Amino acid sequence: MPKPRVIYWFRTDLRLHDSPALNVALNLHPDCLYPVWTWDPHYVYRARVGSNRWQYLLECQADLSKSITELNPQSKLLLIREAPQTVFPKLFKAWKITHLVFEKDTDAYARERDGEVVKLAEEAGVKVLIKCGRTLYDPDLLVQANNGKPTMSISQVQAAAKKLGPVPRPIPAPTSLPSPGDTSLPFSQSKPAPSPDLNSNHRSTTDESYANLAGPNNDFAIPTLHELGINEATTPHHGGETLALQQLDKILTNKTYTATFEKPKTAPTDFEPQATTLLSPHLHFGSLSVRQFYWGVQDTIAVYHGTPSTPPTSLIGQLLFRDMYFGAQASLGHAFSHTHNNPQCRFIPWHLPSTISPATNRPTDTYTIDSPQAEEWFSRWRDGRTGFPFVDALMRQLRTEGWIHHLGRHLLACFLTRGGCYISWERGAAVFEEFLLDHEVACNAGNWQWLSCTAFYSQYYRCYSPVAFGRKWDREGRFVKRYVPELEAYGEKFIYEPWKAPRADQRKWKCLVGGDGMSIEENGVKVYPKPMFDFGERRDVCLKGMKKAYEVGLYGDDERVLDGRWRELFGEDDVGDTGGESGQVGNDDVEADEDGQGHEPSARKGKKDPASGKGKGKGKDGHKREASQSTLDGMFTRNKKKK
DNA sequence: GATGTAGTTGTCCCT
DNA sequence: AAGGGACAACTACAT
C-alpha cells in the first residue's frame, strides 16, 4: 500500500485550529499534503461580493498561508486559479493524488459542485473524505434528528440537538504539517467565462484573476485586489485566524459580558466599540471554529458566579440560530434562498419580485419592476438616502464597513419589506449579500424571511419605527451623526426626523432638508433628503397588505404561486399599494415647505374597527386613546393631499 | 380537536 | 427617566 498523497481542499475553513477535516487528513499520515484553494468562478462572478469581503477573504488566506509555512517552511496555501470541477482531475493525475479531503459545505451551490468533484475523484481512483466542521451540528444530521424536516424554530433545534448529543470539544491546531510533493502543473488552464459578472460594479481595473494558473509569478500566491480588478476596500474590519483567535480571547476575558450577553439588550447604535462580538465574519470564513467559540462560552458560564443568560438570547442561543438556518437550508436546498418553490416561505405579493427562469425553474439575477415608485424607493434604500436618518446611517455603515449590528439589519429589512416599502425580501437579501463581510447564504436568507414575516416569524404587526427605534438606544443620535455627518449640528429633538426642523434652524445648522438625496450640497449648503414617504401611512398600507396575504395563506410551492393564479385571490388594492403620488413626499424641491412643519407623518390613523376585535377589555384606555387620537388626526391631516 | 400559552430582539403612553 | 402595561393579533407547541 503506497503512502497517501493528499490534497487538503480549503474552502469554508480558513484555519488550523479545530478543523475536523484537516485532522482526518493528517491522521492518514500522508507522504505529502497539498493545501489547496481553487479560485472558483462561481464566487468570483456569480455570487455578489463587494470589495470589503474580497479583502477579508484575501486576508484570511494570507494569514492561513503564513501559519502553514510556520509549521513547515516547505509548505503554504497553494492558490490555483481554475474552477475545481476542471482542475482537480488534472491535479490528481499530475501529483499522483490518493486522497482528497475537505470540510462539508451544505450550501445548495456547494453541494452540487462537491458532488461533481466527488464523482471526478472516484473516476480518478481518488478517495474522498468529507468531515463536517462549519456548524455546531452537521446540518444533515440535525435535519434527520428533526424527523427529516427543515429546522424552522429554535425549539426544534434544541430538541434535535439533544438527540445528537453534546457538541464536540475543539481539536488543537496541528504542530507539524507534511510537505507538499512536486507542485509543477504540466497541463493547460481552462479559463472560465467571465460573464455575467455580478461584481462588475466593484471592479474598475481589468480582472486578471485567471491570467495564470498559479498567479503572475507562478508561485501560487494569493491574488491582490488589484489583480481581481476590485476597488480598494473601505472596511476597518480585518480577516484571518490570528485576529479571530485574539478577538475571541478578548471577549472571553470579559466573563460577565460572555456569560450574561442578551442580544435584545445590545445597542445597534454602539460603535467603537460595537455591542456584539463581530465574530460572524470569522465564522463565515472559518477563520474561527464555531466549536471553539461555543466551548469558550460554555466554560465561562460553568464557573460564572451569577446568573448567566440562556438561549435564545444568549451567545449560545445566537449560535443555535445559526445552526437552525443551516438546517433549514440543508433540507430545502436552493429553494431556501427565495420564495419560489419554497414550501416554508409565505407568498406575499411584494413589489419588485424576482424573475423566474423557465429553463431552471429558479429565480434569475434580475427582477420585475412592477412599480416605478417601488424601484425608486428601493434605490434610495440601497444608497442610504431614504430621508430617515437612522435607516440611512445603517445603510451607509453597511456599505463602507461591511458590518452592522443585528438589530440594525432588522430595521433595514423591516423597512424595505413589510414595514415601509413592501418590496420583496429577495431584493434586500441581494444587497446584504453584496456588502456584508459575514454574508452566509443560509443566515442571510433565513433572517430576511424572519424579518419579512414570510417564515420563522409571523408577528407582522410588530413594526420597527425608523424614528423611535434608533432614538430608544441613542437619544442624541451620535450614531446617526457618525454616518450621516451632514446632520452634525442637529440636536436631540430633530436628529431622527430632521424634516420637522424649522427652515431657519436648518439653515443655522448648515443642512437643508429636501430633494431625493441625489444632491448633497447646494450653493455651499449641505442637503439631506426629505423622507421618501410618510412612514405612518406606509405602515398602515403594509399592515393591511400583510393581513390580506396571511388570510390568503399561500406558500412558495403553491401551484397558484407558480402559475400566476395567485392574482385571482388578491384584490387590486391588496397588491402592496405604493400610494401613487399621494404617498410620496420626496420630490419637492429644497426650498419648499418653509415652515418645516408640513410633513409631520400622520400618527397611526384610527383603528378601522376598534370594537370588533375578539379582544377582552378594550376598556377605558382604548377610549382615551381614541380621544387623543382624533386630536392628533386633526392636527396632522391638515396638509395631506387627497387620494 | 379545543384550548391555553409563549414567542430572541416594538411602540406608545403613562407613571 | 426607567419601567410597566396595553396594544397590535399570528403560529407553534403543549396540554
# chains A, B, ... in the order shown; residues from 1 in each chain; ligands from 1

$ closest_atom_pairs --of "chain C" --to "chain B" --cutoff "9 Å" --atoms "only C-alpha atoms (C1' of nucleotides)" --output "CSV"
residue,atom,partner,partner_atom,distance
C:DG4,C1',B:DT15,C1',8.6
C:DG5,C1',B:DC14,C1',8.7
C:DA6,C1',B:DC13,C1',8.9
C:DC7,C1',B:DT11,C1',8.9
C:DA12,C1',B:DG7,C1',8.8
C:DC13,C1',B:DA6,C1',8.9
C:DA14,C1',B:DT5,C1',8.4
C:DT15,C1',B:DG4,C1',8.2

$ write_last_selection --atoms "N, CA and C atoms (P, O5', C5', C4', C3', O3' and C1' of nucleotides)" --output "PDB file, in the first residue's frame"
ATOM      1  P    DG C   4     -40.642  46.807  35.041  1.00  0.00           P
ATOM      2  O5'  DG C   4     -42.217  46.856  35.173  1.00  0.00           O
ATOM      3  C5'  DG C   4     -42.839  47.752  36.109  1.00  0.00           C
ATOM      4  C4'  DG C   4     -44.208  48.121  35.567  1.00  0.00           C
ATOM      5  C3'  DG C   4     -44.937  46.957  34.891  1.00  0.00           C
ATOM      6  O3'  DG C   4     -46.268  46.909  35.381  1.00  0.00           O
ATOM      7  C1'  DG C   4     -44.791  48.819  33.405  1.00  0.00           C
ATOM      8  P    DG C   5     -47.208  45.684  35.032  1.00  0.00           P
ATOM      9  O5'  DG C   5     -48.131  46.344  33.938  1.00  0.00           O
ATOM     10  C5'  DG C   5     -48.918  47.484  34.279  1.00  0.00           C
ATOM     11  C4'  DG C   5     -49.715  47.899  33.072  1.00  0.00           C
ATOM     12  C3'  DG C   5     -50.393  46.728  32.352  1.00  0.00           C
ATOM     13  O3'  DG C   5     -51.719  47.129  32.025  1.00  0.00           O
ATOM     14  C1'  DG C   5     -48.985  47.910  30.844  1.00  0.00           C
ATOM     15  P    DA C   6     -52.685  46.109  31.313  1.00  0.00           P
ATOM     16  O5'  DA C   6     -52.838  46.854  29.915  1.00  0.00           O
ATOM     17  C5'  DA C   6     -53.262  48.209  29.892  1.00  0.00           C
ATOM     18  C4'  DA C   6     -53.369  48.655  28.456  1.00  0.00           C
ATOM     19  C3'  DA C   6     -54.116  47.665  27.551  1.00  0.00           C
ATOM     20  O3'  DA C   6     -54.925  48.417  26.671  1.00  0.00           O
ATOM     21  C1'  DA C   6     -51.920  47.990  26.739  1.00  0.00           C
ATOM     22  P    DC C   7     -56.019  47.636  25.818  1.00  0.00           P
ATOM     23  O5'  DC C   7     -55.250  47.470  24.444  1.00  0.00           O
ATOM     24  C5'  DC C   7     -54.883  48.634  23.699  1.00  0.00           C
ATOM     25  C4'  DC C   7     -53.938  48.237  22.611  1.00  0.00           C
ATOM     26  C3'  DC C   7     -54.348  47.001  21.817  1.00  0.00           C
ATOM     27  O3'  DC C   7     -54.999  47.415  20.633  1.00  0.00           O
ATOM     28  C1'  DC C   7     -51.985  47.149  22.205  1.00  0.00           C
ATOM     29  P    DA C  12     -46.843  27.525  12.262  1.00  0.00           P
ATOM     30  O5'  DA C  12     -46.122  26.962  13.557  1.00  0.00           O
ATOM     31  C5'  DA C  12     -44.975  27.641  14.043  1.00  0.00           C
ATOM     32  C4'  DA C  12     -44.657  27.113  15.425  1.00  0.00           C
ATOM     33  C3'  DA C  12     -44.758  25.599  15.554  1.00  0.00           C
ATOM     34  O3'  DA C  12     -43.615  25.166  16.266  1.00  0.00           O
ATOM     35  C1'  DA C  12     -46.171  26.641  17.150  1.00  0.00           C
ATOM     36  P    DC C  13     -43.336  23.627  16.421  1.00  0.00           P
ATOM     37  O5'  DC C  13     -43.819  23.364  17.914  1.00  0.00           O
ATOM     38  C5'  DC C  13     -43.307  24.203  18.956  1.00  0.00           C
ATOM     39  C4'  DC C  13     -44.157  23.964  20.174  1.00  0.00           C
ATOM     40  C3'  DC C  13     -44.432  22.476  20.447  1.00  0.00           C
ATOM     41  O3'  DC C  13     -43.848  22.144  21.687  1.00  0.00           O
ATOM     42  C1'  DC C  13     -46.375  23.808  20.682  1.00  0.00           C
ATOM     43  P    DA C  14     -43.945  20.671  22.273  1.00  0.00           P
ATOM     44  O5'  DA C  14     -44.914  20.914  23.513  1.00  0.00           O
ATOM     45  C5'  DA C  14     -44.721  22.055  24.346  1.00  0.00           C
ATOM     46  C4'  DA C  14     -45.826  22.083  25.380  1.00  0.00           C
ATOM     47  C3'  DA C  14     -46.171  20.707  25.957  1.00  0.00           C
ATOM     48  O3'  DA C  14     -46.357  20.847  27.360  1.00  0.00           O
ATOM     49  C1'  DA C  14     -48.096  21.677  24.955  1.00  0.00           C
ATOM     50  P    DT C  15     -46.680  19.531  28.279  1.00  0.00           P
ATOM     51  O5'  DT C  15     -48.242  19.632  28.472  1.00  0.00           O
ATOM     52  C5'  DT C  15     -48.806  20.819  29.062  1.00  0.00           C
ATOM     53  C4'  DT C  15     -50.304  20.727  28.957  1.00  0.00           C
ATOM     54  C3'  DT C  15     -50.890  19.417  29.495  1.00  0.00           C
ATOM     55  O3'  DT C  15     -51.812  19.714  30.537  1.00  0.00           O
ATOM     56  C1'  DT C  15     -51.839  20.012  27.408  1.00  0.00           C
TER      57       DT C  15
END

$ closest_atom_pairs --of "chain C" --to "chain A" --cutoff "7 Å" --atoms "only C-alpha atoms (C1' of nucleotides)" --output "JSON lines"
{"residue": "C:DA8", "atom": "C1'", "partner": "A:Tyr461", "partner_atom": "CA", "distance": 5.6}
{"residue": "C:DC10", "atom": "C1'", "partner": "A:Ser458", "partner_atom": "CA", "distance": 5.7}
{"residue": "C:DT11", "atom": "C1'", "partner": "A:Ser458", "partner_atom": "CA", "distance": 7.0}

$ residues_around --residues "A:Thr234" --least-positions-apart "5" --cutoff "7 Å" --atoms "only C-alpha atoms (C1' of nucleotides)" --output "tab-separated table (two decimals) with N, CA and C atoms, in the first residue's frame"
chain	number	residue	atom	x	y	z
A	52	ASN	N	-15.04	44.91	0.14
A	52	ASN	CA	-14.66	44.64	1.53
A	52	ASN	C	-14.56	43.15	1.83
A	400	THR	N	-19.91	51.03	3.75
A	400	THR	CA	-18.50	51.36	3.92
A	400	THR	C	-17.77	50.35	4.79
A	401	GLU	N	-18.45	49.78	5.78
A	401	GLU	CA	-17.72	48.94	6.74
A	401	GLU	C	-18.03	47.45	6.62

$ atom_distance --atom1 "atom CA of A:Glu241" --atom2 "atom CA of A:Trp295"
17.3 Å

$ closest_atom_pairs --of "chain A" --to "chain B" --cutoff "7 Å" --atoms "only C-alpha atoms (C1' of nucleotides)" --output "CSV"
residue,atom,partner,partner_atom,distance
A:Lys263,CA,B:DT9,C1',6.5
A:Pro264,CA,B:DT9,C1',4.1
A:Pro312,CA,B:DT8,C1',5.4
A:Thr313,CA,B:DT8,C1',4.8
A:Leu407,CA,B:DT9,C1',6.7
A:Arg462,CA,B:DG10,C1',5.4
A:Cys463,CA,B:DG10,C1',6.2
A:Tyr464,CA,B:DG10,C1',6.1

$ atom_distance --atom1 "atom CA of A:Pro89" --atom2 "atom CA of A:Glu123"
8.8 Å

$ select_by_dssp --residues "stretch 394-554 of chain A" --states "helix (DSSP H, G or I)" --output "PyMOL selection string"
chain A and resi 394-401+406-416+425-435+441-451+468-473+478-483+485-487+498-500+503-508+535-552

$ residues_around --residues "stretch 95-100 of chain A" --least-positions-apart "4" --cutoff "7 Å" --atoms "only C-alpha atoms (C1' of nucleotides)" --output "ChimeraX atom specification"
/A:4-8,91,126-129,182

$ atom_distance --atom1 "atom CA of A:Asp438" --atom2 "atom CA of A:Leu278"
9.0 Å

$ residues_around --residues "stretch 522-533 of chain A" --least-positions-apart "2" --cutoff "7 Å" --atoms "only C-alpha atoms (C1' of nucleotides)" --output "ChimeraX atom specification"
/A:385-388,486,499,510-517,519-520,535,583-586

$ write_last_selection --atoms "C-alpha atoms" --output "compact mmCIF listing (two decimals), in the first residue's frame"
# COMPACT_ATOMS: atom_id res chain seq x y z
CA ARG A 385 -30.85 58.27 1.04
CA THR A 386 -34.35 57.43 2.23
CA GLY A 387 -34.57 60.61 4.27
CA PHE A 388 -34.87 58.64 7.50
CA GLU A 486 -24.31 66.40 7.21
CA TRP A 499 -37.68 67.29 8.16
CA LYS A 510 -25.95 74.20 7.66
CA CYS A 511 -28.03 71.38 6.28
CA LEU A 512 -31.30 71.83 4.43
CA VAL A 513 -33.80 69.04 4.22
CA GLY A 514 -35.18 68.43 0.75
CA GLY A 515 -34.85 66.61 -2.54
CA ASP A 516 -34.21 62.92 -3.03
CA GLY A 517 -30.63 62.71 -1.86
CA SER A 519 -27.55 66.27 -4.45
CA ILE A 520 -25.58 66.56 -1.24
CA PHE A 535 -43.96 56.33 7.38
CA GLY A 583 -47.92 58.78 -0.61
CA GLN A 584 -44.86 60.46 -1.89
CA VAL A 585 -43.17 63.36 -0.20
CA GLY A 586 -39.70 63.07 -1.61

$ select_by_dssp --residues "stretch 497-574 of chain A" --states "strand (DSSP E or B)" --output "list of chain:residue names"
A:Cys511, A:Leu512, A:Val513, A:Glu521, A:Glu522, A:Val525, A:Lys526, A:Val527, A:Tyr528, A:Phe533, A:Tyr555

$ write_last_selection --atoms "all heavy atoms" --output "CSV table (one decimal), in the first residue's frame"
chain,number,residue,atom,x,y,z
A,511,CYS,N,-27.6,72.5,7.1
A,511,CYS,CA,-28.0,71.4,6.3
A,511,CYS,C,-29.5,71.5,6.0
A,511,CYS,O,-30.3,71.4,7.0
A,511,CYS,CB,-27.7,70.1,7.0
A,511,CYS,SG,-28.2,68.6,6.1
A,512,LEU,N,-29.9,71.7,4.8
A,512,LEU,CA,-31.3,71.8,4.4
A,512,LEU,C,-31.9,70.5,4.1
A,512,LEU,O,-31.2,69.6,3.6
A,512,LEU,CB,-31.5,72.7,3.2
A,512,LEU,CG,-30.9,74.1,3.3
A,512,LEU,CD1,-31.1,74.9,2.0
A,512,LEU,CD2,-31.5,74.9,4.5
A,513,VAL,N,-33.1,70.3,4.5
A,513,VAL,CA,-33.8,69.0,4.2
A,513,VAL,C,-34.7,69.2,3.0
A,513,VAL,O,-35.6,70.0,3.0
A,513,VAL,CB,-34.7,68.6,5.4
A,513,VAL,CG1,-35.4,67.3,5.1
A,513,VAL,CG2,-33.7,68.5,6.7
A,521,GLU,N,-25.1,68.9,-1.8
A,521,GLU,CA,-24.7,70.2,-1.5
A,521,GLU,C,-25.4,71.1,-2.5
A,521,GLU,O,-25.5,70.8,-3.7
A,521,GLU,CB,-23.2,70.4,-1.5
A,521,GLU,CG,-22.7,71.3,-0.4
A,521,GLU,CD,-21.2,71.3,-0.4
A,521,GLU,OE1,-20.7,70.5,0.3
A,521,GLU,OE2,-20.6,72.2,-1.0
A,522,GLU,N,-25.9,72.2,-2.0
A,522,GLU,CA,-26.5,73.2,-2.9
A,522,GLU,C,-26.1,74.6,-2.5
A,522,GLU,O,-26.3,75.0,-1.4
A,522,GLU,CB,-28.0,73.1,-2.9
A,522,GLU,CG,-28.5,72.6,-4.3
A,522,GLU,CD,-30.0,72.2,-4.3
A,522,GLU,OE1,-30.8,73.1,-4.0
A,522,GLU,OE2,-30.3,71.0,-4.5
A,525,VAL,N,-24.3,74.9,0.8
A,525,VAL,CA,-25.0,74.4,2.0
A,525,VAL,C,-25.3,72.9,1.8
A,525,VAL,O,-25.8,72.5,0.7
A,525,VAL,CB,-26.3,75.2,2.2
A,525,VAL,CG1,-27.0,74.6,3.5
A,525,VAL,CG2,-26.0,76.6,2.3
A,526,LYS,N,-25.1,72.1,2.8
A,526,LYS,CA,-25.4,70.7,2.7
A,526,LYS,C,-26.9,70.4,2.6
A,526,LYS,O,-27.7,71.2,3.0
A,526,LYS,CB,-24.8,70.0,3.9
A,526,LYS,CG,-23.3,70.0,4.0
A,526,LYS,CD,-22.8,68.8,4.8
A,526,LYS,CE,-21.3,68.7,4.6
A,526,LYS,NZ,-20.6,69.9,5.2
A,527,VAL,N,-27.2,69.3,2.0
A,527,VAL,CA,-28.6,68.9,1.8
A,527,VAL,C,-28.8,67.5,2.2
A,527,VAL,O,-28.0,66.6,1.9
A,527,VAL,CB,-29.0,69.0,0.3
A,527,VAL,CG1,-30.5,68.6,0.1
A,527,VAL,CG2,-28.8,70.4,-0.2
A,528,TYR,N,-29.8,67.3,3.0
A,528,TYR,CA,-30.2,65.9,3.4
A,528,TYR,C,-31.6,65.7,2.9
A,528,TYR,O,-32.5,66.5,3.0
A,528,TYR,CB,-30.1,65.7,4.9
A,528,TYR,CG,-30.6,64.3,5.3
A,528,TYR,CD1,-29.7,63.2,5.1
A,528,TYR,CD2,-31.8,64.1,5.9
A,528,TYR,CE1,-30.1,61.9,5.4
A,528,TYR,CE2,-32.2,62.8,6.2
A,528,TYR,CZ,-31.4,61.7,6.0
A,528,TYR,OH,-31.7,60.4,6.3
A,533,PHE,N,-41.3,58.8,2.0
A,533,PHE,CA,-42.8,58.7,2.2
A,533,PHE,C,-43.1,59.0,3.6
A,533,PHE,O,-42.3,59.1,4.5
A,533,PHE,CB,-43.3,57.3,1.8
A,533,PHE,CG,-42.5,56.1,2.3
A,533,PHE,CD1,-42.3,55.9,3.6
A,533,PHE,CD2,-41.9,55.2,1.4
A,533,PHE,CE1,-41.6,54.8,4.1
A,533,PHE,CE2,-41.2,54.1,1.8
A,533,PHE,CZ,-41.0,53.9,3.2
A,555,TYR,N,-48.2,29.6,0.1
A,555,TYR,CA,-46.8,29.4,0.3
A,555,TYR,C,-46.1,29.3,-1.1
A,555,TYR,O,-46.7,29.1,-2.1
A,555,TYR,CB,-46.5,28.1,1.1
A,555,TYR,CG,-46.8,28.4,2.6
A,555,TYR,CD1,-48.1,28.4,3.1
A,555,TYR,CD2,-45.8,28.7,3.5
A,555,TYR,CE1,-48.4,28.7,4.4
A,555,TYR,CE2,-46.1,29.0,4.8
A,555,TYR,CZ,-47.4,29.0,5.3
A,555,TYR,OH,-47.7,29.3,6.6

$ residues_around --residues "stretch 494-496 of chain A" --least-positions-apart "3" --cutoff "8 Å" --atoms "only C-alpha atoms (C1' of nucleotides)" --output "list in words"
Phe388, Pro389, Phe390, Val467, Gly470, Arg471, Glu476, Gly477, Val480, Leu487, Tyr490, Gly491, Trp499, Lys500 and Ala501 of chain A
